[in-house]
file model35.pdb (PDB, C-alpha atoms)
ATOM      1  CA  MET A   1     133.338 118.204 194.566
ATOM      2  CA  LYS A   2     129.628 118.947 194.221
ATOM      3  CA  ALA A   3     127.824 118.678 190.890
ATOM      4  CA  ALA A   4     124.242 118.566 189.645
ATOM      5  CA  ARG A   5     123.921 115.290 187.767
ATOM      6  CA  ILE A   6     121.305 113.009 186.300
ATOM      7  CA  HIS A   7     121.434 109.238 186.676
ATOM      8  CA  ARG A   8     118.425 108.777 184.394
ATOM      9  CA  TYR A   9     116.046 110.897 182.334
ATOM     10  CA  GLY A  10     113.144 112.771 183.911
ATOM     11  CA  ALA A  11     112.007 116.040 185.472
ATOM     12  CA  ASP A  12     112.894 114.751 188.940
ATOM     13  CA  ALA A  13     116.157 113.110 187.886
ATOM     14  CA  VAL A  14     118.506 115.924 188.897
ATOM     15  CA  GLN A  15     120.398 115.290 192.104
ATOM     16  CA  ILE A  16     123.313 116.953 193.868
ATOM     17  CA  ASP A  17     126.213 114.545 194.221
ATOM     18  CA  ALA A  18     128.777 115.658 196.781
ATOM     19  CA  ASP A  19     131.591 113.218 196.005
ATOM     20  CA  VAL A  20     132.078 113.668 192.252
ATOM     21  CA  PRO A  21     135.746 113.225 191.239
ATOM     22  CA  THR A  22     137.406 116.490 190.201
ATOM     23  CA  PRO A  23     138.013 116.493 186.422
ATOM     24  CA  GLN A  24     141.574 116.032 185.214
ATOM     25  CA  VAL A  25     143.048 118.656 182.928
ATOM     26  CA  GLN A  26     143.849 117.456 179.408
ATOM     27  CA  PRO A  27     145.822 118.910 176.481
ATOM     28  CA  ASN A  28     144.319 122.162 175.144
ATOM     29  CA  THR A  29     141.886 122.403 178.051
ATOM     30  CA  VAL A  30     141.647 124.283 181.332
ATOM     31  CA  LEU A  31     140.065 123.550 184.675
ATOM     32  CA  VAL A  32     137.777 126.286 185.959
ATOM     33  CA  ARG A  33     136.418 126.975 189.407
ATOM     34  CA  VAL A  34     132.846 127.740 188.387
ATOM     35  CA  HIS A  35     131.342 130.835 189.992
ATOM     36  CA  ALA A  36     128.104 130.851 187.991
ATOM     37  CA  ALA A  37     126.419 128.732 185.328
ATOM     38  CA  GLY A  38     123.817 129.890 182.832
ATOM     39  CA  VAL A  39     120.718 127.739 182.341
ATOM     40  CA  ASN A  40     119.382 127.208 178.804
ATOM     41  CA  PRO A  41     116.354 125.365 177.375
ATOM     42  CA  PHE A  42     118.738 122.760 175.969
ATOM     43  CA  ASP A  43     119.629 121.767 179.536
ATOM     44  CA  TRP A  44     116.120 120.812 180.607
ATOM     45  CA  LYS A  45     115.395 119.160 177.253
ATOM     46  CA  LEU A  46     118.503 117.009 177.653
ATOM     47  CA  ARG A  47     117.467 116.168 181.236
ATOM     48  CA  ALA A  48     113.972 115.207 180.049
ATOM     49  CA  GLY A  49     115.334 112.778 177.460
ATOM     50  CA  TYR A  50     113.959 114.595 174.413
ATOM     51  CA  MET A  51     117.247 114.007 172.595
ATOM     52  CA  ALA A  52     117.990 110.542 173.959
ATOM     53  CA  GLN A  53     118.247 108.963 170.509
ATOM     54  CA  ALA A  54     120.233 111.749 168.847
ATOM     55  CA  ILE A  55     122.436 112.390 171.894
ATOM     56  CA  PRO A  56     122.662 109.223 174.001
ATOM     57  CA  LEU A  57     124.131 109.930 177.433
ATOM     58  CA  THR A  58     126.295 107.818 179.674
ATOM     59  CA  PHE A  59     124.969 108.108 183.220
ATOM     60  CA  PRO A  60     125.660 109.771 185.529
ATOM     61  CA  THR A  61     126.019 112.992 183.522
ATOM     62  CA  THR A  62     126.788 116.468 184.835
ATOM     63  CA  LEU A  63     124.450 119.017 183.282
ATOM     64  CA  GLY A  64     125.150 122.560 182.117
ATOM     65  CA  GLY A  65     127.203 124.340 179.485
ATOM     66  CA  ASP A  66     127.450 128.108 179.956
ATOM     67  CA  PHE A  67     129.710 129.254 182.786
ATOM     68  CA  SER A  68     131.890 131.991 184.231
ATOM     69  CA  GLY A  69     134.737 131.348 186.630
ATOM     70  CA  VAL A  70     138.447 131.319 187.388
ATOM     71  CA  ILE A  71     141.092 129.031 185.872
ATOM     72  CA  THR A  72     142.702 126.651 188.369
ATOM     73  CA  ALA A  73     144.846 124.565 185.978
ATOM     74  CA  VAL A  74     145.962 124.625 182.332
ATOM     75  CA  GLY A  75     146.765 121.665 180.133
ATOM     76  CA  THR A  76     149.662 121.157 177.761
ATOM     77  CA  GLY A  77     149.428 123.166 174.560
ATOM     78  CA  VAL A  78     147.411 125.950 176.173
ATOM     79  CA  THR A  79     148.554 129.462 175.286
ATOM     80  CA  GLY A  80     147.052 132.801 176.242
ATOM     81  CA  PHE A  81     145.531 131.585 179.511
ATOM     82  CA  SER A  82     147.023 131.221 182.988
ATOM     83  CA  VAL A  83     145.934 130.068 186.418
ATOM     84  CA  GLY A  84     143.910 132.853 188.029
ATOM     85  CA  ASP A  85     142.425 134.229 184.800
ATOM     86  CA  GLU A  86     138.708 134.980 184.819
ATOM     87  CA  VAL A  87     137.060 133.300 181.826
ATOM     88  CA  TYR A  88     133.615 132.507 180.497
ATOM     89  CA  GLY A  89     132.322 130.159 177.846
ATOM     90  CA  GLN A  90     131.080 126.627 177.290
ATOM     91  CA  ALA A  91     131.901 123.472 179.262
ATOM     92  CA  HIS A  92     129.157 121.204 177.975
ATOM     93  CA  ILE A  93     129.836 117.499 177.691
ATOM     94  CA  LEU A  94     129.010 117.767 173.971
ATOM     95  CA  THR A  95     131.863 120.242 173.406
ATOM     96  CA  GLY A  96     134.526 118.278 175.230
ATOM     97  CA  GLY A  97     133.740 119.710 178.650
ATOM     98  CA  THR A  98     132.554 118.079 181.848
ATOM     99  CA  GLY A  99     129.419 120.144 182.576
ATOM    100  CA  SER A 100     129.111 123.554 184.218
ATOM    101  CA  PHE A 101     126.634 122.694 186.991
ATOM    102  CA  ALA A 102     129.599 121.785 189.156
ATOM    103  CA  GLU A 103     132.185 123.368 191.427
ATOM    104  CA  ILE A 104     134.977 122.547 188.956
ATOM    105  CA  ALA A 105     134.595 122.090 185.194
ATOM    106  CA  ARG A 106     136.939 121.250 182.358
ATOM    107  CA  ALA A 107     136.570 123.275 179.165
ATOM    108  CA  SER A 108     138.342 123.366 175.823
ATOM    109  CA  THR A 109     140.233 126.551 175.025
ATOM    110  CA  ALA A 110     138.282 126.556 171.738
ATOM    111  CA  THR A 111     135.107 127.404 173.680
ATOM    112  CA  ILE A 112     136.278 129.986 176.224
ATOM    113  CA  ALA A 113     137.386 133.618 176.310
ATOM    114  CA  ARG A 114     138.320 136.161 178.938
ATOM    115  CA  LYS A 115     135.329 137.194 181.016
ATOM    116  CA  PRO A 116     133.961 140.682 180.241
ATOM    117  CA  LYS A 117     135.523 142.913 182.871
ATOM    118  CA  ASN A 118     132.464 144.977 183.697
ATOM    119  CA  LEU A 119     130.090 142.021 184.145
ATOM    120  CA  THR A 120     129.540 139.928 187.245
ATOM    121  CA  HIS A 121     130.130 136.205 186.981
ATOM    122  CA  GLY A 122     126.367 135.705 186.903
ATOM    123  CA  GLU A 123     125.941 138.132 184.022
ATOM    124  CA  ALA A 124     128.869 136.644 182.107
ATOM    125  CA  ALA A 125     127.511 133.126 182.584
ATOM    126  CA  SER A 126     124.281 134.285 180.934
ATOM    127  CA  LEU A 127     126.022 135.195 177.684
ATOM    128  CA  PRO A 128     127.855 132.332 175.903
ATOM    129  CA  LEU A 129     125.007 130.549 174.117
ATOM    130  CA  VAL A 130     122.715 133.533 173.497
ATOM    131  CA  GLY A 131     125.622 135.784 172.558
ATOM    132  CA  ALA A 132     127.201 133.324 170.147
ATOM    133  CA  SER A 133     123.778 132.558 168.633
ATOM    134  CA  ALA A 134     123.015 136.210 167.945
ATOM    135  CA  TRP A 135     126.491 136.966 166.587
ATOM    136  CA  GLN A 136     126.526 133.900 164.347
ATOM    137  CA  ALA A 137     123.113 134.766 162.903
ATOM    138  CA  LEU A 138     123.524 138.504 162.322
ATOM    139  CA  VAL A 139     127.223 138.765 161.497
ATOM    140  CA  ASP A 140     128.308 135.408 160.105
ATOM    141  CA  HIS A 141     125.102 134.338 158.333
ATOM    142  CA  MET A 142     123.268 137.570 157.461
ATOM    143  CA  HIS A 143     126.302 139.852 157.101
ATOM    144  CA  LEU A 144     124.016 142.599 158.393
ATOM    145  CA  LEU A 145     125.077 146.118 157.383
ATOM    146  CA  PRO A 146     124.309 149.649 158.607
ATOM    147  CA  LYS A 147     120.910 151.011 157.501
ATOM    148  CA  GLN A 148     119.645 147.575 156.505
ATOM    149  CA  LYS A 149     116.278 146.529 157.935
ATOM    150  CA  ILE A 150     115.883 143.470 160.116
ATOM    151  CA  LEU A 151     112.929 141.871 161.884
ATOM    152  CA  ILE A 152     113.791 139.993 165.077
ATOM    153  CA  HIS A 153     111.053 137.722 166.342
ATOM    154  CA  GLY A 154     111.002 137.436 170.118
ATOM    155  CA  GLY A 155     113.097 140.513 170.830
ATOM    156  CA  ALA A 156     112.595 140.207 174.589
ATOM    157  CA  GLY A 157     113.884 136.635 174.741
ATOM    158  CA  GLY A 158     117.376 135.585 175.722
ATOM    159  CA  ILE A 159     118.748 135.412 172.182
ATOM    160  CA  GLY A 160     116.469 138.143 170.835
ATOM    161  CA  THR A 161     117.662 140.658 173.422
ATOM    162  CA  ILE A 162     121.311 140.239 172.439
ATOM    163  CA  ALA A 163     120.471 140.154 168.724
ATOM    164  CA  LEU A 164     118.573 143.428 169.063
ATOM    165  CA  ARG A 165     121.527 145.136 170.719
ATOM    166  CA  ILE A 166     124.011 143.778 168.157
ATOM    167  CA  ALA A 167     121.786 144.928 165.291
ATOM    168  CA  LYS A 168     121.604 148.425 166.771
ATOM    169  CA  TYR A 169     125.369 148.426 167.283
ATOM    170  CA  ILE A 170     125.804 147.560 163.602
ATOM    171  CA  GLY A 171     123.524 150.457 162.705
ATOM    172  CA  ALA A 172     120.563 148.532 161.299
ATOM    173  CA  TYR A 173     116.891 149.529 161.490
ATOM    174  CA  VAL A 174     115.365 147.023 163.907
ATOM    175  CA  ALA A 175     111.770 145.885 164.075
ATOM    176  CA  THR A 176     110.736 143.283 166.626
ATOM    177  CA  THR A 177     107.711 141.441 167.965
ATOM    178  CA  ALA A 178     106.720 141.549 171.629
ATOM    179  CA  THR A 179     103.697 141.863 173.869
ATOM    180  CA  GLY A 180     102.690 143.020 177.338
ATOM    181  CA  SER A 181     105.469 144.396 179.530
ATOM    182  CA  ASP A 182     108.012 143.201 176.953
ATOM    183  CA  ILE A 183     107.035 146.092 174.688
ATOM    184  CA  ALA A 184     108.545 148.651 177.049
ATOM    185  CA  TYR A 185     111.551 146.378 177.543
ATOM    186  CA  VAL A 186     112.453 146.105 173.835
ATOM    187  CA  LYS A 187     111.825 149.825 173.396
ATOM    188  CA  GLU A 188     114.399 150.444 176.111
ATOM    189  CA  LEU A 189     116.783 148.140 174.257
ATOM    190  CA  GLY A 190     116.513 150.407 171.217
ATOM    191  CA  ALA A 191     113.991 148.743 168.892
ATOM    192  CA  ASP A 192     112.923 151.161 166.135
ATOM    193  CA  GLU A 193     109.536 149.532 165.563
ATOM    194  CA  ILE A 194     107.608 147.162 167.791
ATOM    195  CA  VAL A 195     104.646 145.009 166.834
ATOM    196  CA  ASP A 196     102.377 143.702 169.578
ATOM    197  CA  TYR A 197     101.895 140.239 168.119
ATOM    198  CA  LYS A 198      98.787 139.606 170.215
ATOM    199  CA  ALA A 199      97.062 142.695 168.826
ATOM    200  CA  LYS A 200      98.275 142.806 165.217
ATOM    201  CA  LYS A 201      99.909 140.680 162.561
ATOM    202  CA  PHE A 202     103.425 141.831 161.803
ATOM    203  CA  GLU A 203     102.815 141.482 158.067
ATOM    204  CA  ASP A 204      99.986 144.032 158.329
ATOM    205  CA  VAL A 205     102.222 146.586 160.042
ATOM    206  CA  LEU A 206     105.748 146.266 158.700
ATOM    207  CA  PRO A 207     107.017 146.991 155.169
ATOM    208  CA  HIS A 208     107.629 144.001 152.911
ATOM    209  CA  ASP A 209     111.167 144.960 151.928
ATOM    210  CA  LEU A 210     113.233 143.685 154.831
ATOM    211  CA  ASP A 211     116.833 142.674 154.340
ATOM    212  CA  ALA A 212     116.786 140.020 157.055
ATOM    213  CA  VAL A 213     114.601 138.146 159.533
ATOM    214  CA  PHE A 214     115.870 136.382 162.649
ATOM    215  CA  ASP A 215     113.406 133.742 163.810
ATOM    216  CA  THR A 216     113.505 132.407 167.374
ATOM    217  CA  VAL A 217     109.812 131.448 167.461
ATOM    218  CA  ALA A 218     109.184 128.943 164.608
ATOM    219  CA  GLY A 219     105.864 127.629 163.325
ATOM    220  CA  GLU A 220     103.662 129.938 161.297
ATOM    221  CA  THR A 221     105.722 132.909 162.461
ATOM    222  CA  TYR A 222     108.551 131.467 160.387
ATOM    223  CA  THR A 223     106.513 130.788 157.244
ATOM    224  CA  ARG A 224     104.714 134.147 157.417
ATOM    225  CA  SER A 225     108.088 135.889 157.458
ATOM    226  CA  PHE A 226     109.156 134.891 153.950
ATOM    227  CA  PRO A 227     107.003 137.458 152.081
ATOM    228  CA  MET A 228     108.364 140.156 154.393
ATOM    229  CA  LEU A 229     111.780 139.893 152.759
ATOM    230  CA  LYS A 230     112.896 141.633 149.623
ATOM    231  CA  ASN A 231     114.353 139.594 146.794
ATOM    232  CA  GLY A 232     117.759 138.354 147.905
ATOM    233  CA  GLY A 233     116.949 138.750 151.601
ATOM    234  CA  VAL A 234     117.874 136.160 154.226
ATOM    235  CA  ILE A 235     115.991 134.496 157.047
ATOM    236  CA  VAL A 236     117.841 132.649 159.808
ATOM    237  CA  SER A 237     115.885 130.360 162.116
ATOM    238  CA  MET A 238     117.021 128.800 165.368
ATOM    239  CA  LEU A 239     114.263 126.202 165.136
ATOM    240  CA  GLU A 240     113.113 125.587 161.559
ATOM    241  CA  LYS A 241     114.678 123.882 158.562
ATOM    242  CA  PRO A 242     114.820 125.908 155.313
ATOM    243  CA  ASN A 243     111.562 125.827 153.366
ATOM    244  CA  GLN A 244     112.686 125.280 149.782
ATOM    245  CA  GLU A 245     109.286 126.081 148.298
ATOM    246  CA  LEU A 246     109.081 129.465 150.023
ATOM    247  CA  MET A 247     112.716 130.216 149.218
ATOM    248  CA  GLU A 248     112.036 129.806 145.514
ATOM    249  CA  LYS A 249     108.683 131.595 145.616
ATOM    250  CA  TYR A 250     110.045 134.755 147.242
ATOM    251  CA  GLY A 251     113.633 134.654 146.043
ATOM    252  CA  VAL A 252     115.166 134.599 149.500
ATOM    253  CA  HIS A 253     117.837 132.575 151.266
ATOM    254  CA  ALA A 254     116.911 130.549 154.362
ATOM    255  CA  ILE A 255     119.372 129.188 156.923
ATOM    256  CA  ALA A 256     118.793 126.782 159.792
ATOM    257  CA  GLN A 257     121.256 127.700 162.495
ATOM    258  CA  SER A 258     122.896 125.265 164.864
ATOM    259  CA  THR A 259     124.885 127.518 167.143
ATOM    260  CA  GLU A 260     128.600 126.916 167.496
ATOM    261  CA  ILE A 261     130.208 128.611 170.472
ATOM    262  CA  THR A 262     133.753 129.578 169.519
ATOM    263  CA  ALA A 263     136.491 131.524 171.242
ATOM    264  CA  GLU A 264     136.370 134.140 168.477
ATOM    265  CA  ARG A 265     132.635 134.765 168.900
ATOM    266  CA  LEU A 266     132.987 134.896 172.671
ATOM    267  CA  GLN A 267     135.759 137.464 172.324
ATOM    268  CA  LYS A 268     133.553 139.647 170.097
ATOM    269  CA  ILE A 269     130.672 139.421 172.557
ATOM    270  CA  ALA A 270     132.990 140.272 175.456
ATOM    271  CA  GLU A 271     134.177 143.380 173.594
ATOM    272  CA  LEU A 272     130.580 144.577 173.194
ATOM    273  CA  ALA A 273     129.868 143.856 176.852
ATOM    274  CA  ASN A 274     132.939 145.813 177.924
ATOM    275  CA  GLN A 275     131.689 148.758 175.861
ATOM    276  CA  GLY A 276     128.349 148.642 177.650
ATOM    277  CA  ILE A 277     126.496 147.791 174.428
ATOM    278  CA  LEU A 278     124.880 144.592 175.715
ATOM    279  CA  LYS A 279     122.243 144.617 178.435
ATOM    280  CA  ILE A 280     122.022 141.520 180.628
ATOM    281  CA  HIS A 281     118.797 140.860 182.502
ATOM    282  CA  ILE A 282     118.851 138.038 185.034
ATOM    283  CA  ASP A 283     115.362 136.919 185.964
ATOM    284  CA  ARG A 284     116.351 134.716 188.881
ATOM    285  CA  THR A 285     119.321 132.998 190.460
ATOM    286  CA  PHE A 286     119.429 129.652 192.247
ATOM    287  CA  PRO A 287     122.133 128.010 194.350
ATOM    288  CA  LEU A 288     123.725 124.849 192.957
ATOM    289  CA  GLU A 289     121.738 122.809 195.463
ATOM    290  CA  GLU A 290     118.556 123.962 193.688
ATOM    291  CA  ALA A 291     119.616 123.096 190.143
ATOM    292  CA  ARG A 292     116.513 120.929 189.716
ATOM    293  CA  GLU A 293     114.288 123.890 190.616
ATOM    294  CA  ALA A 294     116.233 126.177 188.270
ATOM    295  CA  LEU A 295     115.600 123.846 185.330
ATOM    296  CA  SER A 296     111.912 123.497 186.193
ATOM    297  CA  TYR A 297     111.534 127.258 186.499
ATOM    298  CA  LEU A 298     113.037 127.801 183.042
ATOM    299  CA  GLU A 299     110.865 125.041 181.610
ATOM    300  CA  SER A 300     107.743 126.732 183.020
ATOM    301  CA  GLY A 301     108.010 129.535 180.458
ATOM    302  CA  ARG A 302     107.498 132.277 183.046
ATOM    303  CA  VAL A 303     111.035 133.604 182.640
ATOM    304  CA  HIS A 304     111.823 137.172 181.620
ATOM    305  CA  GLY A 305     115.556 137.171 181.010
ATOM    306  CA  LYS A 306     118.130 134.594 182.044
ATOM    307  CA  VAL A 307     118.190 131.979 184.791
ATOM    308  CA  VAL A 308     121.530 131.536 186.556
ATOM    309  CA  ILE A 309     122.904 128.995 189.008
ATOM    310  CA  GLU A 310     125.336 130.544 191.472
ATOM    311  CA  VAL A 311     127.899 127.906 192.279
ATOM    312  CA  ARG A 312     130.380 129.949 194.305
TER     313      ARG A 312
END

call {"tool": "encode", "arguments": {"input": "model35.pdb", "output": "structure tokens"}}
result
Amino acid sequence: MKAARIHRYGADAVQIDADVPTPQVQPNTVLVRVHAAGVNPFDWKLRAGYMAQAIPLTFPTTLGGDFSGVITAVGTGVTGFSVGDEVYGQAHILTGGTGSFAEIARASTATIARKPKNLTHGEAASLPLVGASAWQALVDHMHLLPKQKILIHGGAGGIGTIALRIAKYIGAYVATTATGSDIAYVKELGADEIVDYKAKKFEDVLPHDLDAVFDTVAGETYTRSFPMLKNGGVIVSMLEKPNQELMEKYGVHAIAQSTEITAERLQKIAELANQGILKIHIDRTFPLEEAREALSYLESGRVHGKVVIEVR
């Protein structure tokens, strides 16, 4: 089978190998014929070797995690899934998978769910990481409730877009930061208040009694968010470790999130997608043969929405 693999670290290290052995199904796993694979920043960072010490790889390694496809085989102990089922989820090598930038991938049943029926494979492949990240932050960490006020930094980004829609579904008042054409985009998504971060500081515009802040930006944006929260509020960051000094100063709770993609979270996200609550915007698609270009394009920072590799 074909797969996009790296035999070393580097921006030019991705190559398409045409004779990769098809993975073998194992207990509590399924084999999936991949139709589409979502591309995430983690993929190009892993390719570049930024995490070589923390996550040493054995070369060659098939890249990719997010996917959508059709089950071709089920292992022993698998219940609830059959050959022919359309599923989506995570097949990353770090979660027991074999990599989604391939024609066939093995994935654990702990990291897959039935594909949302009203989404294309490309749209479904865009969802696992960003969807699980947003759900974990807002529902599992913040326990966000109706009428509570939340500030989402980077509301037009991959995670921010889904978080904004989930927050509105919950019934929260949503403020977000954006600029340029993204302002109209987040307004369309349902943001109640939008701050153009290039024109104004969010702390000069928004009230300082927020229940929650979701940070996908980091740096001073993260530290400047602490005084925005009321006593007892919570800030969840995808990039920063909790600042103990600021936690104590403002009486808030800070959480550093490392996203865990689970079947339960994927099922919840699929339910919202089937109800038409989530809006998926694909910036650009690439064929599997152009996986290297897809990673470089995402790394360039010019992306508005998700990047998808169409495998089949």

call {"tool": "resolve_selection", "arguments": {"input": "model35.pdb", "expression": "the PyMOL selection byres ((chain A and resi 230) around 6)", "output": "CSV table (one decimal) with C-alpha atoms, keeping the file's coordinate frame"}}
result
chain,number,residue,atom,x,y,z
A,209,ASP,CA,111.2,145.0,151.9
A,210,LEU,CA,113.2,143.7,154.8
A,229,LEU,CA,111.8,139.9,152.8
A,231,ASN,CA,114.4,139.6,146.8
A,233,GLY,CA,116.9,138.8,151.6

call {"tool": "closest_residue", "arguments": {"input": "model35.pdb", "among": "A:Gly180, A:Gly190, A:Gly305, A:Gly77", "to": "Pro27 in chain A", "atoms": "only C-alpha atoms"}}
result
A:Gly77

call {"tool": "closest_residue", "arguments": {"input": "model35.pdb", "among": "A:Gln257, A:Thr62, A:Gln244, A:Thr285", "to": "Val308 in chain A", "atoms": "all atoms listed in the file"}}
result
A:Thr285

call {"tool": "residues_near_point", "arguments": {"input": "model35.pdb", "point": "(126.6, 110.6, 172.0)", "cutoff": "12 Å", "atoms": "only C-alpha atoms", "output": "PyMOL selection string"}}
result
chain A and resi 46+51-59+61+93-96

call {"tool": "residues_around", "arguments": {"input": "model35.pdb", "residues": "range 115-126 of chain A", "least_positions_apart": "4", "cutoff": "10 Å", "atoms": "only C-alpha atoms", "output": "ChimeraX atom specification"}}
result
/A:34-40,65-70,85-90,100,130-131,158,266-267,269-276,279-282,285,305-312

call {"tool": "decode", "arguments": {"input": "model35.pdb", "residues": "range 287-295 of chain A", "atoms": "all heavy atoms", "output": "PDB file, in the first residue's frame"}}
result
ATOM      1  N   PRO A 287      -3.797  15.615  -2.501  1.00  0.00           N
ATOM      2  CA  PRO A 287      -3.765  14.163  -2.648  1.00  0.00           C
ATOM      3  C   PRO A 287      -2.658  13.581  -1.763  1.00  0.00           C
ATOM      4  O   PRO A 287      -1.743  14.308  -1.344  1.00  0.00           O
ATOM      5  CB  PRO A 287      -3.456  13.964  -4.136  1.00  0.00           C
ATOM      6  CG  PRO A 287      -2.712  15.189  -4.537  1.00  0.00           C
ATOM      7  CD  PRO A 287      -3.297  16.309  -3.708  1.00  0.00           C
ATOM      8  N   LEU A 288      -2.730  12.292  -1.493  1.00  0.00           N
ATOM      9  CA  LEU A 288      -1.722  11.652  -0.649  1.00  0.00           C
ATOM     10  C   LEU A 288      -0.320  11.874  -1.191  1.00  0.00           C
ATOM     11  O   LEU A 288       0.632  12.073  -0.422  1.00  0.00           O
ATOM     12  CB  LEU A 288      -2.012  10.144  -0.546  1.00  0.00           C
ATOM     13  CG  LEU A 288      -1.018   9.306   0.265  1.00  0.00           C
ATOM     14  CD1 LEU A 288      -0.972   9.780   1.718  1.00  0.00           C
ATOM     15  CD2 LEU A 288      -1.381   7.826   0.197  1.00  0.00           C
ATOM     16  N   GLU A 289      -0.203  11.889  -2.512  1.00  0.00           N
ATOM     17  CA  GLU A 289       1.114  12.062  -3.135  1.00  0.00           C
ATOM     18  C   GLU A 289       1.730  13.420  -2.809  1.00  0.00           C
ATOM     19  O   GLU A 289       2.943  13.608  -2.986  1.00  0.00           O
ATOM     20  CB  GLU A 289       1.006  11.894  -4.652  1.00  0.00           C
ATOM     21  CG  GLU A 289       0.737  10.467  -5.114  1.00  0.00           C
ATOM     22  CD  GLU A 289      -0.687  10.010  -4.844  1.00  0.00           C
ATOM     23  OE1 GLU A 289      -1.546  10.883  -4.587  1.00  0.00           O
ATOM     24  OE2 GLU A 289      -0.947   8.793  -4.893  1.00  0.00           O
ATOM     25  N   GLU A 290       0.912  14.369  -2.343  1.00  0.00           N
ATOM     26  CA  GLU A 290       1.416  15.699  -1.997  1.00  0.00           C
ATOM     27  C   GLU A 290       1.353  15.952  -0.493  1.00  0.00           C
ATOM     28  O   GLU A 290       1.155  17.075  -0.037  1.00  0.00           O
ATOM     29  CB  GLU A 290       0.627  16.770  -2.752  1.00  0.00           C
ATOM     30  CG  GLU A 290       0.792  16.689  -4.264  1.00  0.00           C
ATOM     31  CD  GLU A 290      -0.026  17.738  -5.003  1.00  0.00           C
ATOM     32  OE1 GLU A 290      -0.568  18.656  -4.341  1.00  0.00           O
ATOM     33  OE2 GLU A 290      -0.137  17.643  -6.241  1.00  0.00           O
ATOM     34  N   ALA A 291       1.562  14.912   0.287  1.00  0.00           N
ATOM     35  CA  ALA A 291       1.537  15.046   1.745  1.00  0.00           C
ATOM     36  C   ALA A 291       2.604  16.023   2.237  1.00  0.00           C
ATOM     37  O   ALA A 291       2.375  16.790   3.174  1.00  0.00           O
ATOM     38  CB  ALA A 291       1.727  13.680   2.403  1.00  0.00           C
ATOM     39  N   ARG A 292       3.767  16.002   1.595  1.00  0.00           N
ATOM     40  CA  ARG A 292       4.837  16.932   1.993  1.00  0.00           C
ATOM     41  C   ARG A 292       4.370  18.373   1.810  1.00  0.00           C
ATOM     42  O   ARG A 292       4.566  19.220   2.692  1.00  0.00           O
ATOM     43  CB  ARG A 292       6.098  16.691   1.169  1.00  0.00           C
ATOM     44  CG  ARG A 292       7.247  17.641   1.521  1.00  0.00           C
ATOM     45  CD  ARG A 292       8.363  17.591   0.489  1.00  0.00           C
ATOM     46  NE  ARG A 292       8.963  16.275   0.393  1.00  0.00           N
ATOM     47  CZ  ARG A 292       9.964  15.985  -0.430  1.00  0.00           C
ATOM     48  NH1 ARG A 292      10.472  16.922  -1.222  1.00  0.00           N
ATOM     49  NH2 ARG A 292      10.462  14.760  -0.480  1.00  0.00           N
ATOM     50  N   GLU A 293       3.719  18.658   0.686  1.00  0.00           N
ATOM     51  CA  GLU A 293       3.232  20.005   0.413  1.00  0.00           C
ATOM     52  C   GLU A 293       2.115  20.392   1.383  1.00  0.00           C
ATOM     53  O   GLU A 293       2.013  21.556   1.796  1.00  0.00           O
ATOM     54  CB  GLU A 293       2.721  20.094  -1.025  1.00  0.00           C
ATOM     55  CG  GLU A 293       3.817  20.050  -2.085  1.00  0.00           C
ATOM     56  CD  GLU A 293       4.331  18.658  -2.385  1.00  0.00           C
ATOM     57  OE1 GLU A 293       3.826  17.678  -1.794  1.00  0.00           O
ATOM     58  OE2 GLU A 293       5.245  18.525  -3.212  1.00  0.00           O
ATOM     59  N   ALA A 294       1.283  19.437   1.756  1.00  0.00           N
ATOM     60  CA  ALA A 294       0.201  19.709   2.704  1.00  0.00           C
ATOM     61  C   ALA A 294       0.759  20.136   4.054  1.00  0.00           C
ATOM     62  O   ALA A 294       0.269  21.094   4.675  1.00  0.00           O
ATOM     63  CB  ALA A 294      -0.677  18.471   2.867  1.00  0.00           C
ATOM     64  N   LEU A 295       1.797  19.457   4.520  1.00  0.00           N
ATOM     65  CA  LEU A 295       2.418  19.808   5.795  1.00  0.00           C
ATOM     66  C   LEU A 295       3.081  21.182   5.722  1.00  0.00           C
ATOM     67  O   LEU A 295       2.971  21.986   6.647  1.00  0.00           O
ATOM     68  CB  LEU A 295       3.441  18.739   6.185  1.00  0.00           C
ATOM     69  CG  LEU A 295       2.863  17.388   6.605  1.00  0.00           C
ATOM     70  CD1 LEU A 295       3.939  16.322   6.577  1.00  0.00           C
ATOM     71  CD2 LEU A 295       2.251  17.480   7.990  1.00  0.00           C
TER      72      LEU A 295
END
